[in-house]
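Listing of start00.pdb; format and content: PDB, N, CA and C atoms.
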```pdb
ATOM      1  N   MET A   1     -94.018-117.735-178.615
ATOM      2  CA  MET A   1     -92.694-117.248-178.292
ATOM      3  C   MET A   1     -92.788-116.167-177.215
ATOM      4  N   VAL A   2     -91.878-116.212-176.283
ATOM      5  CA  VAL A   2     -91.831-115.242-175.191
ATOM      6  C   VAL A   2     -90.491-114.523-175.244
ATOM      7  N   SER A   3     -90.529-113.194-175.337
ATOM      8  CA  SER A   3     -89.294-112.412-175.286
ATOM      9  C   SER A   3     -89.413-111.389-174.164
ATOM     10  N   VAL A   4     -88.276-111.004-173.629
ATOM     11  CA  VAL A   4     -88.267-110.065-172.508
ATOM     12  C   VAL A   4     -87.276-108.944-172.767
ATOM     13  N   LYS A   5     -87.573-107.790-172.176
ATOM     14  CA  LYS A   5     -86.631-106.671-172.195
ATOM     15  C   LYS A   5     -86.849-105.866-170.922
ATOM     16  N   PHE A   6     -85.821-105.160-170.536
ATOM     17  CA  PHE A   6     -85.908-104.293-169.365
ATOM     18  C   PHE A   6     -85.836-102.842-169.790
ATOM     19  N   LYS A   7     -86.616-102.016-169.142
ATOM     20  CA  LYS A   7     -86.496-100.562-169.214
ATOM     21  C   LYS A   7     -86.451-100.106-167.770
ATOM     22  N   ASN A   8     -85.238 -99.854-167.294
ATOM     23  CA  ASN A   8     -84.995 -99.537-165.882
ATOM     24  C   ASN A   8     -85.506-100.686-165.025
ATOM     25  N   ASP A   9     -86.429-100.422-164.102
ATOM     26  CA  ASP A   9     -86.937-101.489-163.234
ATOM     27  C   ASP A   9     -88.234-102.095-163.764
ATOM     28  N   ASN A  10     -88.504-101.892-165.047
ATOM     29  CA  ASN A  10     -89.693-102.438-165.697
ATOM     30  C   ASN A  10     -89.312-103.656-166.528
ATOM     31  N   LEU A  11     -89.949-104.769-166.255
ATOM     32  CA  LEU A  11     -89.772-105.974-167.055
ATOM     33  C   LEU A  11     -90.929-106.035-168.046
ATOM     34  N   ILE A  12     -90.607-105.956-169.326
ATOM     35  CA  ILE A  12     -91.625-105.988-170.375
ATOM     36  C   ILE A  12     -91.519-107.335-171.082
ATOM     37  N   VAL A  13     -92.613-108.083-171.045
ATOM     38  CA  VAL A  13     -92.652-109.420-171.615
ATOM     39  C   VAL A  13     -93.581-109.411-172.823
ATOM     40  N   LYS A  14     -93.074-109.888-173.948
ATOM     41  CA  LYS A  14     -93.877-109.940-175.174
ATOM     42  C   LYS A  14     -94.155-111.391-175.532
ATOM     43  N   ILE A  15     -95.412-111.662-175.808
ATOM     44  CA  ILE A  15     -95.822-112.994-176.244
ATOM     45  C   ILE A  15     -96.325-112.878-177.674
ATOM     46  N   ILE A  16     -95.857-113.780-178.522
ATOM     47  CA  ILE A  16     -96.287-113.804-179.919
ATOM     48  C   ILE A  16     -97.039-115.104-180.171
ATOM     49  N   GLY A  17     -98.264-114.976-180.694
ATOM     50  CA  GLY A  17     -99.072-116.150-181.016
ATOM     51  C   GLY A  17    -100.077-116.462-179.931
ATOM     52  N   ASP A  18    -100.390-117.744-179.797
ATOM     53  CA  ASP A  18    -101.364-118.191-178.801
ATOM     54  C   ASP A  18    -100.713-118.282-177.426
ATOM     55  N   PHE A  19    -101.380-117.723-176.424
ATOM     56  CA  PHE A  19    -100.922-117.829-175.030
ATOM     57  C   PHE A  19    -101.593-119.078-174.468
ATOM     58  N   ASP A  20    -101.001-120.232-174.806
ATOM     59  CA  ASP A  20    -101.577-121.521-174.454
ATOM     60  C   ASP A  20    -100.680-122.243-173.446
ATOM     61  N   LEU A  21    -100.920-123.524-173.267
ATOM     62  CA  LEU A  21    -100.195-124.313-172.275
ATOM     63  C   LEU A  21     -98.675-124.239-172.457
ATOM     64  N   VAL A  22     -98.206-124.390-173.673
ATOM     65  CA  VAL A  22     -96.760-124.382-173.941
ATOM     66  C   VAL A  22     -96.164-123.006-173.647
ATOM     67  N   ILE A  23     -96.797-121.960-174.145
ATOM     68  CA  ILE A  23     -96.297-120.599-173.940
ATOM     69  C   ILE A  23     -96.447-120.187-172.477
ATOM     70  N   ALA A  24     -97.521-120.623-171.827
ATOM     71  CA  ALA A  24     -97.724-120.292-170.411
ATOM     72  C   ALA A  24     -96.573-120.830-169.563
ATOM     73  N   LYS A  25     -96.116-122.035-169.877
ATOM     74  CA  LYS A  25     -94.992-122.627-169.140
ATOM     75  C   LYS A  25     -93.724-121.797-169.348
ATOM     76  N   GLU A  26     -93.449-121.436-170.599
ATOM     77  CA  GLU A  26     -92.269-120.622-170.906
ATOM     78  C   GLU A  26     -92.363-119.253-170.224
ATOM     79  N   PHE A  27     -93.538-118.650-170.258
ATOM     80  CA  PHE A  27     -93.787-117.356-169.614
ATOM     81  C   PHE A  27     -93.498-117.443-168.118
ATOM     82  N   ARG A  28     -94.073-118.451-167.458
ATOM     83  CA  ARG A  28     -93.859-118.628-166.010
ATOM     84  C   ARG A  28     -92.378-118.783-165.691
ATOM     85  N   GLU A  29     -91.706-119.665-166.422
ATOM     86  CA  GLU A  29     -90.298-119.944-166.132
ATOM     87  C   GLU A  29     -89.419-118.710-166.329
ATOM     88  N   LYS A  30     -89.594-118.011-167.437
ATOM     89  CA  LYS A  30     -88.766-116.826-167.708
ATOM     90  C   LYS A  30     -89.032-115.715-166.699
ATOM     91  N   VAL A  31     -90.302-115.425-166.472
ATOM     92  CA  VAL A  31     -90.649-114.320-165.570
ATOM     93  C   VAL A  31     -90.232-114.644-164.142
ATOM     94  N   ASP A  32     -90.512-115.851-163.687
ATOM     95  CA  ASP A  32     -90.147-116.213-162.314
ATOM     96  C   ASP A  32     -88.643-116.084-162.089
ATOM     97  N   LYS A  33     -87.848-116.551-163.041
ATOM     98  CA  LYS A  33     -86.387-116.459-162.899
ATOM     99  C   LYS A  33     -85.940-115.000-162.846
ATOM    100  N   LEU A  34     -86.477-114.186-163.734
ATOM    101  CA  LEU A  34     -86.083-112.772-163.757
ATOM    102  C   LEU A  34     -86.528-112.037-162.497
ATOM    103  N   LEU A  35     -87.692-112.373-161.979
ATOM    104  CA  LEU A  35     -88.162-111.729-160.749
ATOM    105  C   LEU A  35     -87.295-112.112-159.554
ATOM    106  N   MET A  36     -86.685-113.281-159.608
ATOM    107  CA  MET A  36     -85.788-113.701-158.531
ATOM    108  C   MET A  36     -84.395-113.092-158.692
ATOM    109  N   ASP A  37     -83.959-112.910-159.940
ATOM    110  CA  ASP A  37     -82.586-112.477-160.216
ATOM    111  C   ASP A  37     -82.373-110.968-160.207
ATOM    112  N   ARG A  38     -83.422-110.198-160.501
ATOM    113  CA  ARG A  38     -83.263-108.744-160.665
ATOM    114  C   ARG A  38     -84.369-108.000-159.944
ATOM    115  N   PRO A  39     -84.088-106.769-159.518
ATOM    116  CA  PRO A  39     -85.162-105.966-158.928
ATOM    117  C   PRO A  39     -86.123-105.502-160.025
ATOM    118  N   VAL A  40     -87.380-105.847-159.876
ATOM    119  CA  VAL A  40     -88.415-105.476-160.840
ATOM    120  C   VAL A  40     -89.568-104.853-160.068
ATOM    121  N   ASN A  41     -89.909-103.623-160.416
ATOM    122  CA  ASN A  41     -91.041-102.969-159.764
ATOM    123  C   ASN A  41     -92.313-103.046-160.585
ATOM    124  N   ASN A  42     -92.166-103.260-161.887
ATOM    125  CA  ASN A  42     -93.332-103.318-162.759
ATOM    126  C   ASN A  42     -93.162-104.411-163.797
ATOM    127  N   LEU A  43     -94.147-105.276-163.847
ATOM    128  CA  LEU A  43     -94.205-106.322-164.854
ATOM    129  C   LEU A  43     -95.257-105.897-165.869
ATOM    130  N   ILE A  44     -94.833-105.743-167.113
ATOM    131  CA  ILE A  44     -95.723-105.249-168.166
ATOM    132  C   ILE A  44     -95.783-106.292-169.277
ATOM    133  N   LEU A  45     -96.994-106.728-169.597
ATOM    134  CA  LEU A  45     -97.182-107.693-170.677
ATOM    135  C   LEU A  45     -97.533-106.964-171.963
ATOM    136  N   ASP A  46     -96.719-107.175-172.985
ATOM    137  CA  ASP A  46     -96.984-106.665-174.331
ATOM    138  C   ASP A  46     -97.855-107.709-175.027
ATOM    139  N   ALA A  47     -99.140-107.383-175.170
ATOM    140  CA  ALA A  47    -100.100-108.327-175.749
ATOM    141  C   ALA A  47    -100.419-108.019-177.208
ATOM    142  N   THR A  48     -99.625-107.165-177.837
ATOM    143  CA  THR A  48     -99.940-106.728-179.202
ATOM    144  C   THR A  48     -99.992-107.874-180.207
ATOM    145  N   GLU A  49     -99.276-108.959-179.922
ATOM    146  CA  GLU A  49     -99.250-110.077-180.872
ATOM    147  C   GLU A  49     -99.813-111.367-180.291
ATOM    148  N   ILE A  50    -100.585-111.254-179.211
ATOM    149  CA  ILE A  50    -101.279-112.430-178.677
ATOM    150  C   ILE A  50    -102.569-112.599-179.474
ATOM    151  N   SER A  51    -102.707-113.755-180.114
ATOM    152  CA  SER A  51    -103.889-113.999-180.939
ATOM    153  C   SER A  51    -104.996-114.707-180.172
ATOM    154  N   PHE A  52    -104.634-115.419-179.099
ATOM    155  CA  PHE A  52    -105.608-116.186-178.316
ATOM    156  C   PHE A  52    -105.005-116.454-176.949
ATOM    157  N   ILE A  53    -105.844-116.530-175.934
ATOM    158  CA  ILE A  53    -105.383-116.909-174.594
ATOM    159  C   ILE A  53    -106.341-117.947-174.027
ATOM    160  N   ASP A  54    -105.786-119.035-173.493
ATOM    161  CA  ASP A  54    -106.628-120.062-172.888
ATOM    162  C   ASP A  54    -106.471-120.038-171.365
ATOM    163  N   SER A  55    -107.071-121.012-170.698
ATOM    164  CA  SER A  55    -107.070-121.011-169.228
ATOM    165  C   SER A  55    -105.664-121.126-168.647
ATOM    166  N   SER A  56    -104.761-121.818-169.325
ATOM    167  CA  SER A  56    -103.390-121.906-168.805
ATOM    168  C   SER A  56    -102.690-120.554-168.909
ATOM    169  N   GLY A  57    -102.975-119.806-169.950
ATOM    170  CA  GLY A  57    -102.438-118.449-170.071
ATOM    171  C   GLY A  57    -102.997-117.534-169.000
ATOM    172  N   LEU A  58    -104.304-117.644-168.758
ATOM    173  CA  LEU A  58    -104.932-116.840-167.703
ATOM    174  C   LEU A  58    -104.334-117.170-166.343
ATOM    175  N   GLY A  59    -104.136-118.457-166.085
ATOM    176  CA  GLY A  59    -103.539-118.879-164.822
ATOM    177  C   GLY A  59    -102.121-118.361-164.654
ATOM    178  N   ALA A  60    -101.354-118.379-165.738
ATOM    179  CA  ALA A  60     -99.978-117.867-165.687
ATOM    180  C   ALA A  60     -99.973-116.374-165.397
ATOM    181  N   LEU A  61    -100.904-115.638-166.000
ATOM    182  CA  LEU A  61    -101.017-114.198-165.721
ATOM    183  C   LEU A  61    -101.319-113.955-164.248
ATOM    184  N   LEU A  62    -102.311-114.657-163.730
ATOM    185  CA  LEU A  62    -102.694-114.458-162.327
ATOM    186  C   LEU A  62    -101.566-114.827-161.371
ATOM    187  N   GLY A  63    -100.860-115.893-161.678
ATOM    188  CA  GLY A  63     -99.736-116.301-160.833
ATOM    189  C   GLY A  63     -98.632-115.257-160.798
ATOM    190  N   ARG A  64     -98.283-114.684-161.958
ATOM    191  CA  ARG A  64     -97.250-113.652-161.993
ATOM    192  C   ARG A  64     -97.751-112.367-161.340
ATOM    193  N   TYR A  65     -99.042-112.076-161.478
ATOM    194  CA  TYR A  65     -99.633-110.911-160.806
ATOM    195  C   TYR A  65     -99.444-111.046-159.288
ATOM    196  N   LYS A  66     -99.754-112.205-158.758
ATOM    197  CA  LYS A  66     -99.600-112.426-157.310
ATOM    198  C   LYS A  66     -98.136-112.323-156.898
ATOM    199  N   LEU A  67     -97.249-112.879-157.712
ATOM    200  CA  LEU A  67     -95.818-112.853-157.395
ATOM    201  C   LEU A  67     -95.269-111.428-157.370
ATOM    202  N   ILE A  68     -95.594-110.629-158.371
ATOM    203  CA  ILE A  68     -95.095-109.244-158.403
ATOM    204  C   ILE A  68     -95.719-108.426-157.272
ATOM    205  N   GLN A  69     -96.966-108.714-156.928
ATOM    206  CA  GLN A  69     -97.613-108.023-155.804
ATOM    207  C   GLN A  69     -96.881-108.333-154.493
ATOM    208  N   GLN A  70     -96.515-109.590-154.298
ATOM    209  CA  GLN A  70     -95.792-109.988-153.083
ATOM    210  C   GLN A  70     -94.453-109.270-152.967
ATOM    211  N   LYS A  71     -93.873-108.908-154.097
ATOM    212  CA  LYS A  71     -92.589-108.204-154.105
ATOM    213  C   LYS A  71     -92.772-106.689-154.055
ATOM    214  N   GLY A  72     -94.024-106.239-153.904
ATOM    215  CA  GLY A  72     -94.296-104.811-153.814
ATOM    216  C   GLY A  72     -94.396-104.110-155.158
ATOM    217  N   GLY A  73     -94.480-104.880-156.227
ATOM    218  CA  GLY A  73     -94.564-104.305-157.565
ATOM    219  C   GLY A  73     -95.974-104.329-158.120
ATOM    220  N   ARG A  74     -96.067-103.914-159.383
ATOM    221  CA  ARG A  74     -97.365-103.868-160.055
ATOM    222  C   ARG A  74     -97.262-104.549-161.417
ATOM    223  N   MET A  75     -98.421-104.892-161.942
ATOM    224  CA  MET A  75     -98.489-105.524-163.253
ATOM    225  C   MET A  75     -99.499-104.791-164.109
ATOM    226  N   SER A  76     -99.220-104.718-165.400
ATOM    227  CA  SER A  76    -100.174-104.158-166.351
ATOM    228  C   SER A  76     -99.998-104.859-167.693
ATOM    229  N   ILE A  77    -100.962-104.622-168.564
ATOM    230  CA  ILE A  77    -100.973-105.227-169.896
ATOM    231  C   ILE A  77    -101.242-104.113-170.894
ATOM    232  N   PHE A  78    -100.623-104.194-172.067
ATOM    233  CA  PHE A  78    -100.960-103.219-173.105
ATOM    234  C   PHE A  78    -101.093-103.894-174.461
ATOM    235  N   GLY A  79    -101.827-103.197-175.361
ATOM    236  CA  GLY A  79    -101.955-103.652-176.740
ATOM    237  C   GLY A  79    -102.823-104.874-176.941
ATOM    238  N   VAL A  80    -103.881-104.991-176.166
ATOM    239  CA  VAL A  80    -104.733-106.185-176.218
ATOM    240  C   VAL A  80    -105.691-106.122-177.412
ATOM    241  N   LYS A  81    -105.713-107.189-178.198
ATOM    242  CA  LYS A  81    -106.650-107.299-179.324
ATOM    243  C   LYS A  81    -108.068-107.517-178.792
ATOM    244  N   PRO A  82    -109.089-107.107-179.538
ATOM    245  CA  PRO A  82    -110.478-107.231-179.063
ATOM    246  C   PRO A  82    -110.881-108.646-178.642
ATOM    247  N   SER A  83    -110.472-109.658-179.383
ATOM    248  CA  SER A  83    -110.856-111.029-179.025
ATOM    249  C   SER A  83    -110.214-111.466-177.705
ATOM    250  N   VAL A  84    -108.976-111.073-177.484
ATOM    251  CA  VAL A  84    -108.286-111.395-176.230
ATOM    252  C   VAL A  84    -108.851-110.542-175.096
ATOM    253  N   PHE A  85    -109.167-109.288-175.389
ATOM    254  CA  PHE A  85    -109.770-108.401-174.389
ATOM    255  C   PHE A  85    -111.042-109.022-173.831
ATOM    256  N   ARG A  86    -111.846-109.580-174.706
ATOM    257  CA  ARG A  86    -113.117-110.189-174.278
ATOM    258  C   ARG A  86    -112.864-111.347-173.314
ATOM    259  N   ILE A  87    -111.882-112.171-173.592
ATOM    260  CA  ILE A  87    -111.553-113.288-172.699
ATOM    261  C   ILE A  87    -111.063-112.763-171.352
ATOM    262  N   LEU A  88    -110.217-111.737-171.369
ATOM    263  CA  LEU A  88    -109.737-111.140-170.115
ATOM    264  C   LEU A  88    -110.896-110.540-169.328
ATOM    265  N   GLU A  89    -111.832-109.941-170.043
ATOM    266  CA  GLU A  89    -113.003-109.343-169.401
ATOM    267  C   GLU A  89    -113.873-110.417-168.750
ATOM    268  N   LEU A  90    -114.170-111.478-169.480
ATOM    269  CA  LEU A  90    -115.012-112.558-168.957
ATOM    270  C   LEU A  90    -114.353-113.282-167.787
ATOM    271  N   SER A  91    -113.033-113.360-167.802
ATOM    272  CA  SER A  91    -112.312-114.064-166.734
ATOM    273  C   SER A  91    -112.205-113.242-165.450
ATOM    274  N   GLY A  92    -112.457-111.935-165.541
ATOM    275  CA  GLY A  92    -112.344-111.070-164.372
ATOM    276  C   GLY A  92    -110.963-110.455-164.192
ATOM    277  N   ILE A  93    -110.033-110.780-165.059
ATOM    278  CA  ILE A  93    -108.667-110.250-164.931
ATOM    279  C   ILE A  93    -108.639-108.733-165.051
ATOM    280  N   LEU A  94    -109.530-108.184-165.858
ATOM    281  CA  LEU A  94    -109.550-106.724-166.034
ATOM    282  C   LEU A  94    -109.874-105.981-164.742
ATOM    283  N   LYS A  95    -110.459-106.681-163.788
ATOM    284  CA  LYS A  95    -110.771-106.043-162.501
ATOM    285  C   LYS A  95    -109.523-105.870-161.636
ATOM    286  N   ILE A  96    -108.473-106.636-161.925
ATOM    287  CA  ILE A  96    -107.281-106.558-161.073
ATOM    288  C   ILE A  96    -106.023-106.096-161.803
ATOM    289  N   ILE A  97    -105.928-106.360-163.099
ATOM    290  CA  ILE A  97    -104.744-105.956-163.864
ATOM    291  C   ILE A  97    -105.159-104.882-164.863
ATOM    292  N   PRO A  98    -104.611-103.675-164.743
ATOM    293  CA  PRO A  98    -104.997-102.607-165.672
ATOM    294  C   PRO A  98    -104.478-102.848-167.091
ATOM    295  N   ILE A  99    -105.273-102.380-168.043
ATOM    296  CA  ILE A  99    -104.960-102.509-169.465
ATOM    297  C   ILE A  99    -104.698-101.120-170.039
ATOM    298  N   PHE A 100    -103.653-101.007-170.860
ATOM    299  CA  PHE A 100    -103.322 -99.756-171.533
ATOM    300  C   PHE A 100    -103.230-100.009-173.035
ATOM    301  N   THR A 101    -103.366 -98.958-173.813
ATOM    302  CA  THR A 101    -103.317 -99.123-175.268
ATOM    303  C   THR A 101    -101.890 -99.216-175.796
ATOM    304  N   THR A 102    -100.939 -98.556-175.130
ATOM    305  CA  THR A 102     -99.558 -98.539-175.622
ATOM    306  C   THR A 102     -98.562 -98.824-174.503
ATOM    307  N   GLU A 103     -97.360 -99.181-174.898
ATOM    308  CA  GLU A 103     -96.286 -99.413-173.935
ATOM    309  C   GLU A 103     -95.981 -98.145-173.147
ATOM    310  N   SER A 104     -95.935 -97.008-173.827
ATOM    311  CA  SER A 104     -95.596 -95.759-173.131
ATOM    312  C   SER A 104     -96.623 -95.423-172.054
ATOM    313  N   LEU A 105     -97.897 -95.679-172.313
ATOM    314  CA  LEU A 105     -98.919 -95.429-171.285
ATOM    315  C   LEU A 105     -98.764 -96.393-170.112
ATOM    316  N   ALA A 106     -98.428 -97.634-170.398
ATOM    317  CA  ALA A 106     -98.199 -98.604-169.322
ATOM    318  C   ALA A 106     -96.991 -98.194-168.480
ATOM    319  N   LEU A 107     -95.953 -97.682-169.126
ATOM    320  CA  LEU A 107     -94.772 -97.218-168.398
ATOM    321  C   LEU A 107     -95.078 -95.964-167.578
ATOM    322  N   GLU A 108     -95.883 -95.066-168.112
ATOM    323  CA  GLU A 108     -96.251 -93.839-167.391
ATOM    324  C   GLU A 108     -97.044 -94.142-166.132
ATOM    325  N   ARG A 109     -97.824 -95.199-166.150
ATOM    326  CA  ARG A 109     -98.636 -95.570-164.990
ATOM    327  C   ARG A 109     -97.762 -95.726-163.753
ATOM    328  N   LYS A 110     -96.567 -96.210-163.974
ATOM    329  CA  LYS A 110     -95.619 -96.415-162.883
ATOM    330  C   LYS A 110     -95.356 -95.118-162.130
ATOM    331  N   GLU A 111     -95.348 -94.030-162.843
ATOM    332  CA  GLU A 111     -95.032 -92.747-162.228
ATOM    333  C   GLU A 111     -96.212 -92.155-161.466
ATOM    334  N   ALA A 112     -97.403 -92.666-161.719
ATOM    335  CA  ALA A 112     -98.609 -92.085-161.096
ATOM    336  C   ALA A 112     -98.677 -92.375-159.616
TER     337      ALA A 112
END
```
Could you spell out this file's structure in structure tokens?
Amino acid sequence: MVSVKFKNDNLIVKIIGDFDLVIAKEFREKVDKLLMDRPVNNLILDATEISFIDSSGLGALLGRYKLIQQKGGRMSIFGVKPSVFRILELSGILKIIPIFTTESLALERKEA
């Protein structure tokens, strides 16, 4: 399941369960539409309830990272479980998308 909320110009996307092919498609469609419809300076992924991420999830993350970068924005992730963290680490995503422990820290990064 993919849910979204806005805090000012921050789009916060929460994924619950496995970030797999089905969820990756929903994530791409929702985020892409919102990035086209509203001004978004920061895309923040709430990973607190992601239990697993596969290659389609990784691809969806990278695609949205590139899209928000093209619009002059930034992307971050917070609340990553250790098993998901390891996959992000092995994939190299941690080298380009910063990880925070909480939503408030991810939001504060915007001000830095």
Looking at only N, CA and C atoms, which of A:Ser55, A:Ser91, A:Asp46, A:Asp20 is the one that sits closest to Glu103 of chain A?
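With only N, CA and C atoms as the atom set, the closest residue is A:Asp46.
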Give me, as a VMD selection string, all polymer residues having an atom no more than 6 Å from segment 5-16 of chain A, counting all atoms listed in the file and skipping those fewer than 2 positions away in the same chain.
chain A and resid 1 to 3 18 39 to 47 49 to 51
Just the selected residues (N, CA and C atoms), exported as an mmCIF file, in the frame of the given file, please.
```cif
data_model
loop_
_atom_site.group_PDB
_atom_site.id
_atom_site.type_symbol
_atom_site.label_atom_id
_atom_site.label_comp_id
_atom_site.auth_asym_id
_atom_site.auth_seq_id
_atom_site.Cartn_x
_atom_site.Cartn_y
_atom_site.Cartn_z
ATOM 1 N N MET A 1 -94.018 -117.735 -178.615
ATOM 2 C CA MET A 1 -92.694 -117.248 -178.292
ATOM 3 C C MET A 1 -92.788 -116.167 -177.215
ATOM 4 N N VAL A 2 -91.878 -116.212 -176.283
ATOM 5 C CA VAL A 2 -91.831 -115.242 -175.191
ATOM 6 C C VAL A 2 -90.491 -114.523 -175.244
ATOM 7 N N SER A 3 -90.529 -113.194 -175.337
ATOM 8 C CA SER A 3 -89.294 -112.412 -175.286
ATOM 9 C C SER A 3 -89.413 -111.389 -174.164
ATOM 10 N N ASP A 18 -100.390 -117.744 -179.797
ATOM 11 C CA ASP A 18 -101.364 -118.191 -178.801
ATOM 12 C C ASP A 18 -100.713 -118.282 -177.426
ATOM 13 N N PRO A 39 -84.088 -106.769 -159.518
ATOM 14 C CA PRO A 39 -85.162 -105.966 -158.928
ATOM 15 C C PRO A 39 -86.123 -105.502 -160.025
ATOM 16 N N VAL A 40 -87.380 -105.847 -159.876
ATOM 17 C CA VAL A 40 -88.415 -105.476 -160.840
ATOM 18 C C VAL A 40 -89.568 -104.853 -160.068
ATOM 19 N N ASN A 41 -89.909 -103.623 -160.416
ATOM 20 C CA ASN A 41 -91.041 -102.969 -159.764
ATOM 21 C C ASN A 41 -92.313 -103.046 -160.585
ATOM 22 N N ASN A 42 -92.166 -103.260 -161.887
ATOM 23 C CA ASN A 42 -93.332 -103.318 -162.759
ATOM 24 C C ASN A 42 -93.162 -104.411 -163.797
ATOM 25 N N LEU A 43 -94.147 -105.276 -163.847
ATOM 26 C CA LEU A 43 -94.205 -106.322 -164.854
ATOM 27 C C LEU A 43 -95.257 -105.897 -165.869
ATOM 28 N N ILE A 44 -94.833 -105.743 -167.113
ATOM 29 C CA ILE A 44 -95.723 -105.249 -168.166
ATOM 30 C C ILE A 44 -95.783 -106.292 -169.277
ATOM 31 N N LEU A 45 -96.994 -106.728 -169.597
ATOM 32 C CA LEU A 45 -97.182 -107.693 -170.677
ATOM 33 C C LEU A 45 -97.533 -106.964 -171.963
ATOM 34 N N ASP A 46 -96.719 -107.175 -172.985
ATOM 35 C CA ASP A 46 -96.984 -106.665 -174.331
ATOM 36 C C ASP A 46 -97.855 -107.709 -175.027
ATOM 37 N N ALA A 47 -99.140 -107.383 -175.170
ATOM 38 C CA ALA A 47 -100.100 -108.327 -175.749
ATOM 39 C C ALA A 47 -100.419 -108.019 -177.208
ATOM 40 N N GLU A 49 -99.276 -108.959 -179.922
ATOM 41 C CA GLU A 49 -99.250 -110.077 -180.872
ATOM 42 C C GLU A 49 -99.813 -111.367 -180.291
ATOM 43 N N ILE A 50 -100.585 -111.254 -179.211
ATOM 44 C CA ILE A 50 -101.279 -112.430 -178.677
ATOM 45 C C ILE A 50 -102.569 -112.599 -179.474
ATOM 46 N N SER A 51 -102.707 -113.755 -180.114
ATOM 47 C CA SER A 51 -103.889 -113.999 -180.939
ATOM 48 C C SER A 51 -104.996 -114.707 -180.172
#
```
Can you pull out every residue from chain A that DSSP, working from the backbone, puts in alpha helix (DSSP H), and format the result as a VMD selection string?
chain A and resid 21 to 37 55 to 70 82 to 91 103 to 109
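Proximity to Ala106 of chain A was assessed for A:Ile77, A:Met36, A:Glu89, A:Val84 counting only C-alpha atoms; the smallest distance is recorded for A:Ile77.
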Would you write out, as a PyMOL selection string, every residue that the PyMOL selection byres (((chain A and resi 58 and name CA) around 12) and name CA) captures in this file?
chain A and resi 18-21+23-25+27-28+52-57+59-65+84-85+87-94+97
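Restricting the calculation to only N, CA and C atoms, the smallest distance between Val80 of chain A and any of A:Asp37, A:Lys66, A:Gly17, A:Thr101 is found for A:Thr101.
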Based on the backbone DSSP call, show me all residues of chain A assigned strand (DSSP E or B), as a count of residues only.
35
Taken to one decimal, the atom C of Thr48 of chain A-atom C of Met75 of chain A distance is 16.4 Å
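Rounded to one decimal, atom N of Val4 of chain A and atom N of Lys30 of chain A lie 9.4 Å from each other.
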One decimal, in Å: what's the spacing between atom CA of Gly79 of chain A and atom CA of Lys95 of chain A?
16.9 Å
Work out where the centre of an axis-aligned box around every listed atom of segment 72-77 of chain A lies and how long its edges are once 4 Å is added on each side; give both in Å to one decimal as lines of an AutoDock Vina configuration file.
```
center_x = -97.6
center_y = -105.1
center_z = -162.4
size_x = 15.2
size_y = 10.4
size_z = 25.1
```
